[in-house]
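Quick look at start_4.csv (CSV, C-alpha atoms):
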chain,number,residue,atom,x,y,z
Z,701,MET,CA,-24.8,-50.9,113.3
Z,702,ASP,CA,-22.4,-53.9,113.5
Z,703,LEU,CA,-21.1,-53.9,109.9
Z,704,LYS,CA,-18.7,-56.7,110.6
Z,705,SER,CA,-21.7,-59.0,111.1
Z,706,LYS,CA,-22.9,-58.2,107.6
Z,707,ILE,CA,-19.6,-59.2,106.0
Z,708,ARG,CA,-19.1,-62.9,105.1
Z,709,ASP,CA,-15.6,-64.4,105.8
Z,710,ILE,CA,-14.5,-66.9,103.2
Z,711,LYS,CA,-11.5,-68.9,104.4
Z,712,ASP,CA,-8.7,-69.9,102.0
Z,713,PHE,CA,-9.8,-67.6,99.2
Z,714,PRO,CA,-8.2,-66.8,96.8
Z,715,GLU,CA,-5.5,-69.0,98.3
Z,716,LYS,CA,-4.9,-71.1,101.4
Z,717,GLY,CA,-4.3,-69.0,104.5
Z,718,ILE,CA,-6.3,-65.9,103.3
Z,719,ILE,CA,-9.6,-64.8,104.8
Z,720,PHE,CA,-11.5,-63.0,102.1
Z,721,ARG,CA,-13.9,-60.3,103.4
Z,722,ASP,CA,-16.9,-60.7,101.1
Z,723,ILE,CA,-19.0,-57.5,101.0
Z,724,THR,CA,-21.7,-58.8,98.8
Z,725,THR,CA,-23.6,-59.9,101.9
Z,726,LEU,CA,-23.4,-56.3,103.2
Z,727,LEU,CA,-24.4,-54.8,99.8
Z,728,LYS,CA,-27.6,-56.9,99.6
Z,729,ASP,CA,-28.7,-55.6,103.0
Z,730,SER,CA,-30.2,-52.2,102.1
Z,731,GLU,CA,-29.8,-50.8,105.6
Z,732,ALA,CA,-26.2,-51.9,105.9
Z,733,MET,CA,-25.3,-50.7,102.5
Z,734,MET,CA,-26.9,-47.2,103.1
Z,735,TYR,CA,-25.3,-47.1,106.6
Z,736,SER,CA,-21.9,-47.9,105.0
Z,737,VAL,CA,-22.2,-45.1,102.5
Z,738,ASP,CA,-23.4,-42.7,105.2
Z,739,GLU,CA,-20.4,-43.5,107.4
Z,740,ILE,CA,-18.0,-42.8,104.6
Z,741,ILE,CA,-19.7,-39.5,104.0
Z,742,LYS,CA,-19.4,-38.6,107.7
Z,743,ASN,CA,-15.6,-38.7,107.4
Z,744,LEU,CA,-15.6,-36.3,104.5
Z,745,ASN,CA,-15.7,-32.5,104.4
Z,746,PRO,CA,-17.2,-31.6,100.9
Z,747,ASP,CA,-15.2,-28.3,101.0
Z,748,ASP,CA,-11.9,-30.4,101.0
Z,749,PHE,CA,-12.3,-31.9,97.6
Z,750,ASP,CA,-13.6,-31.3,94.1
Z,751,ILE,CA,-14.2,-34.8,92.8
Z,752,VAL,CA,-14.5,-38.4,93.9
Z,753,ILE,CA,-12.2,-41.0,92.5
Z,754,GLY,CA,-13.2,-44.7,92.6
Z,755,PRO,CA,-11.0,-47.6,91.5
Z,756,GLU,CA,-12.5,-50.5,89.6
Z,757,SER,CA,-14.7,-52.1,90.7
Z,758,ARG,CA,-15.8,-51.8,94.3
Z,759,GLY,CA,-14.6,-48.2,94.4
Z,760,PHE,CA,-17.4,-47.6,91.9
Z,761,ILE,CA,-19.9,-49.2,94.3
Z,762,PHE,CA,-19.1,-46.8,97.2
Z,763,GLY,CA,-17.7,-43.8,95.3
Z,764,MET,CA,-20.8,-43.1,93.1
Z,765,PRO,CA,-23.3,-42.8,96.0
Z,766,VAL,CA,-20.9,-40.6,97.9
Z,767,ALA,CA,-20.3,-38.4,94.9
Z,768,TYR,CA,-24.1,-38.2,94.3
Z,769,ASN,CA,-24.9,-37.3,97.9
Z,770,LEU,CA,-22.2,-34.6,98.1
Z,771,LYS,CA,-23.0,-33.3,94.7
Z,772,LYS,CA,-19.5,-34.0,93.3
Z,773,GLY,CA,-18.4,-35.5,90.0
Z,774,PHE,CA,-17.0,-39.0,89.8
Z,775,VAL,CA,-14.0,-40.3,88.0
Z,776,PRO,CA,-13.3,-44.0,87.5
Z,777,VAL,CA,-9.8,-45.5,87.7
Z,778,ARG,CA,-9.8,-48.7,85.7
Z,779,LYS,CA,-7.7,-51.7,84.8
Z,780,LYS,CA,-5.6,-51.4,81.7
Z,781,GLY,CA,-7.5,-51.4,78.4
Z,782,LYS,CA,-11.0,-50.6,79.8
Z,783,LEU,CA,-11.3,-46.8,79.2
Z,784,PRO,CA,-12.2,-45.7,75.6
Z,785,ALA,CA,-10.4,-42.3,75.3
Z,786,LYS,CA,-6.8,-41.3,75.8
Z,787,VAL,CA,-5.4,-42.4,79.1
Z,788,ILE,CA,-2.6,-42.0,81.5
Z,789,SER,CA,-1.3,-45.2,83.0
Z,790,LYS,CA,0.5,-46.3,86.1
Z,791,ASP,CA,2.2,-49.7,86.7
Z,792,TYR,CA,2.5,-50.9,90.2
Z,793,ALA,CA,3.7,-54.0,92.1
Z,794,LEU,CA,1.4,-56.7,93.3
Z,795,GLU,CA,2.3,-59.6,95.6
Z,796,TYR,CA,2.6,-61.8,92.6
Z,797,GLY,CA,3.6,-59.6,89.7
Z,798,THR,CA,2.5,-56.2,88.4
Z,799,ALA,CA,-0.7,-54.5,87.3
Z,800,THR,CA,-1.6,-51.3,85.5
Z,801,ILE,CA,-4.3,-48.7,86.3
Z,802,GLU,CA,-5.5,-46.0,83.9
Z,803,ILE,CA,-7.5,-42.8,84.0
Z,804,HIS,CA,-8.6,-40.6,81.2
Z,805,GLU,CA,-6.0,-37.9,80.6
Z,806,ASP,CA,-8.6,-35.1,80.8
Z,807,ALA,CA,-10.2,-36.4,84.0
Z,808,ILE,CA,-8.0,-34.4,86.5
Z,809,LYS,CA,-6.9,-30.8,85.9
Z,810,LYS,CA,-4.0,-29.2,87.7
Z,811,GLY,CA,-5.0,-28.3,91.3
Z,812,THR,CA,-8.1,-30.6,91.3
Z,813,ARG,CA,-8.5,-32.0,94.9
Z,814,VAL,CA,-9.7,-35.6,95.0
Z,815,ALA,CA,-11.2,-37.9,97.6
Z,816,ILE,CA,-10.4,-41.5,96.8
Z,817,ILE,CA,-13.0,-44.1,97.9
Z,818,ASP,CA,-12.6,-47.8,97.8
Z,819,ASP,CA,-13.9,-50.8,99.7
Z,820,LEU,CA,-10.7,-52.2,101.2
Z,821,LEU,CA,-7.2,-51.1,102.3
Z,822,ALA,CA,-4.9,-54.1,102.4
Z,823,THR,CA,-1.2,-53.6,101.5
Z,824,GLY,CA,-1.8,-50.1,100.1
Z,825,GLY,CA,-0.2,-50.8,96.7
Z,826,THR,CA,-3.2,-49.9,94.5
Z,827,ALA,CA,-4.1,-46.9,96.6
Z,828,LYS,CA,-0.5,-45.5,96.5
Z,829,ALA,CA,-0.4,-46.1,92.7
Z,830,ILE,CA,-3.7,-44.1,92.3
Z,831,ALA,CA,-2.3,-41.2,94.4
Z,832,GLU,CA,0.9,-41.1,92.3
Z,833,LEU,CA,-1.2,-41.1,89.1
Z,834,ILE,CA,-3.4,-38.2,90.4
Z,835,GLU,CA,-0.3,-36.3,91.5
Z,836,GLU,CA,1.5,-36.8,88.2
Z,837,MET,CA,-1.6,-35.2,86.6
Z,838,GLY,CA,-1.3,-32.2,88.9
Z,839,GLY,CA,-4.1,-33.2,91.2
Z,840,VAL,CA,-4.1,-33.2,95.0
Z,841,VAL,CA,-5.2,-36.2,97.1
Z,842,SER,CA,-7.4,-34.8,99.8
Z,843,SER,CA,-8.1,-38.2,101.5
Z,844,PHE,CA,-8.4,-41.9,101.1
Z,845,ASN,CA,-11.7,-43.4,102.4
Z,846,PHE,CA,-12.2,-47.2,102.8
Z,847,LEU,CA,-15.0,-49.3,104.1
Z,848,ILE,CA,-12.6,-51.9,105.4
Z,849,GLU,CA,-8.9,-51.8,106.6
Z,850,LEU,CA,-6.9,-54.9,107.2
Z,851,ASP,CA,-4.6,-53.5,109.9
Z,852,ASP,CA,-2.0,-56.3,109.9
Z,853,LEU,CA,-1.1,-55.6,106.3
Z,854,LYS,CA,0.0,-52.1,107.1
Z,855,GLY,CA,-1.4,-50.4,104.1
Z,856,ARG,CA,-1.8,-47.2,106.1
Z,857,ASP,CA,2.0,-47.1,106.5
Z,858,VAL,CA,2.3,-47.1,102.7
Z,859,LEU,CA,-0.1,-44.1,102.6
Z,860,SER,CA,1.7,-42.1,105.3
Z,861,GLY,CA,1.5,-38.4,104.7
Z,862,TYR,CA,-2.1,-38.8,103.4
Z,863,LYS,CA,-5.4,-38.6,105.4
Z,864,VAL,CA,-6.8,-42.1,105.6
Z,865,ASN,CA,-10.3,-42.9,106.9
Z,866,SER,CA,-11.6,-46.5,107.4
Z,867,ILE,CA,-14.9,-47.6,108.8
Z,868,ILE,CA,-14.2,-51.2,109.8
Z,869,HIS,CA,-10.9,-52.6,111.0
Z,870,TYR,CA,-9.8,-56.2,111.0

Please render this file's structure as structure tokens.
Amino acid sequence: MDLKSKIRDIKDFPEKGIIFRDITTLLKDSEAMMYSVDEIIKNLNPDDFDIVIGPESRGFIFGMPVAYNLKKGFVPVRKKGKLPAKVISKDYALEYGTATIEIHEDAIKKGTRVAIIDDLLATGGTAKAIAELIEEMGGVVSSFNFLIELDDLKGRDVLSGYKVNSIIHY
């Protein structure tokens, strides 16, 4: 299936010169959505990880069905202030400032192997921050798995040393 044809390109969003890859058009197409999840699953060996991690918010969209299909638990990584129990936080740099991600402090035990699933790999900053957070908790990153990778932004280089799978490349 040609998944690129299911993704809408929006020029000059969120700012001039950027092409936003809008996956809402893919998600509303049941066959394309199911195919996308199946393709992510094909890149995973369930014996290599214990739990699926999905960052807010599109990591939830793809991470939950993967976890369900592979009979794994799911742990959300959220923006600051969104989780109700005690959290561990990680600040990281964005192109125009900083952001903070959080995870419940009891979500990852020492030695837990995780597969991180998200919709898009761009510069790799968010993904790297998630890996550092998991490792600080004693977890092990088994792999990163993305629907889309923006090759020119070199996010894969930021994640060197980790297994990185992507379905669609731009």

| said: Just the number, please: distance in Å from CA of Ala732 in chain Z to CA of Pro765 in chain Z, one decimal. | reply: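 Computing it gives 13.8 Å between the two atoms.
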
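Closest approach to His869 in chain Z among Z:Val766, Z:Leu850, Z:Ile707, Z:Ile801: Z:Leu850, based on all atoms listed in the file.
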
| query | To one decimal place, how far is CA of Arg758 in chain Z from CA of Lys786 in chain Z in Å? | reply |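 It comes out at 23.1 Å.
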
| request: Could you check which of Z:Leu744, Z:Ile817, Z:Ile848, Z:Leu859 is closest to Lys704 in chain Z, using all atoms listed in the file? | output: Z:Ile848

| said: I'd like the neighbourhood of range 839-844 of chain Z as a PyMOL selection string, where a residue qualifies if any of its atoms comes within 10 Å (using only C-alpha atoms), though same-chain residues fewer than 6 positions away should be ignored. | reply: chain Z and resi 743-745+748-753+807-818+821+827-828+830-833+856+859+862-866

| query | For the atom pair CA of Lys779 in chain Z and CA of Glu835 in chain Z, what is the interatomic distance in Å to one decimal place? | reply |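 Separation of CA of Lys779 in chain Z and CA of Glu835 in chain Z: 18.4 Å.
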
| request: Compare Z:Asp747, Z:Glu802, Z:Asp819, Z:Asp722 by their minimum atom-to-atom distance to Glu849 in chain Z, counting all atoms listed in the file, and give me the closest one. | output: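 Of all the options, Z:Asp819 lies closest to Glu849 in chain Z.
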
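Distances here use all atoms listed in the file; by that measure, the residue among Z:Glu805, Z:Thr823, Z:Ala767, Z:Ile740 closest to Ala785 in chain Z is Z:Glu805.
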
| task | Pick out the residues sitting within 8 Å of Ser736 in chain Z, and hand them over as a list in words; count all atoms listed in the file, and ignore anything fewer than 5 positions along from it in its own chain. | result |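 The filter keeps Leu703, Leu847 and Ile867 of chain Z.
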
| request: Find the residues with any atom within 10 Å of (-7.9, -44.0, 77.7); use only C-alpha atoms and the coordinates as given in the file, and write the answer as JSON, numbers by chain. | output: {"Z": [778, 780, 781, 782, 783, 784, 785, 786, 787, 788, 789, 802, 803, 804, 805, 806]}

| request: Would you please work out which residue, of Z:Met733, Z:Thr798, Z:Lys716, Z:Thr724, is nearest to Asp702 in chain Z when using all atoms listed in the file? | output: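 Among the listed residues, Z:Met733 lies closest to Asp702 in chain Z.
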
| range 768-770 of chain Z environment, 9 Å, only C-alpha atoms, sequence neighbours closer than 5 positions dropped, as number ranges by chain | Z: 741, 746, 763

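Between Ile719 in chain Z and the residues Z:Phe760, Z:Tyr870, Z:Tyr796, Z:Tyr735, the shortest atom-to-atom distance, using all atoms listed in the file, involves Z:Tyr870.
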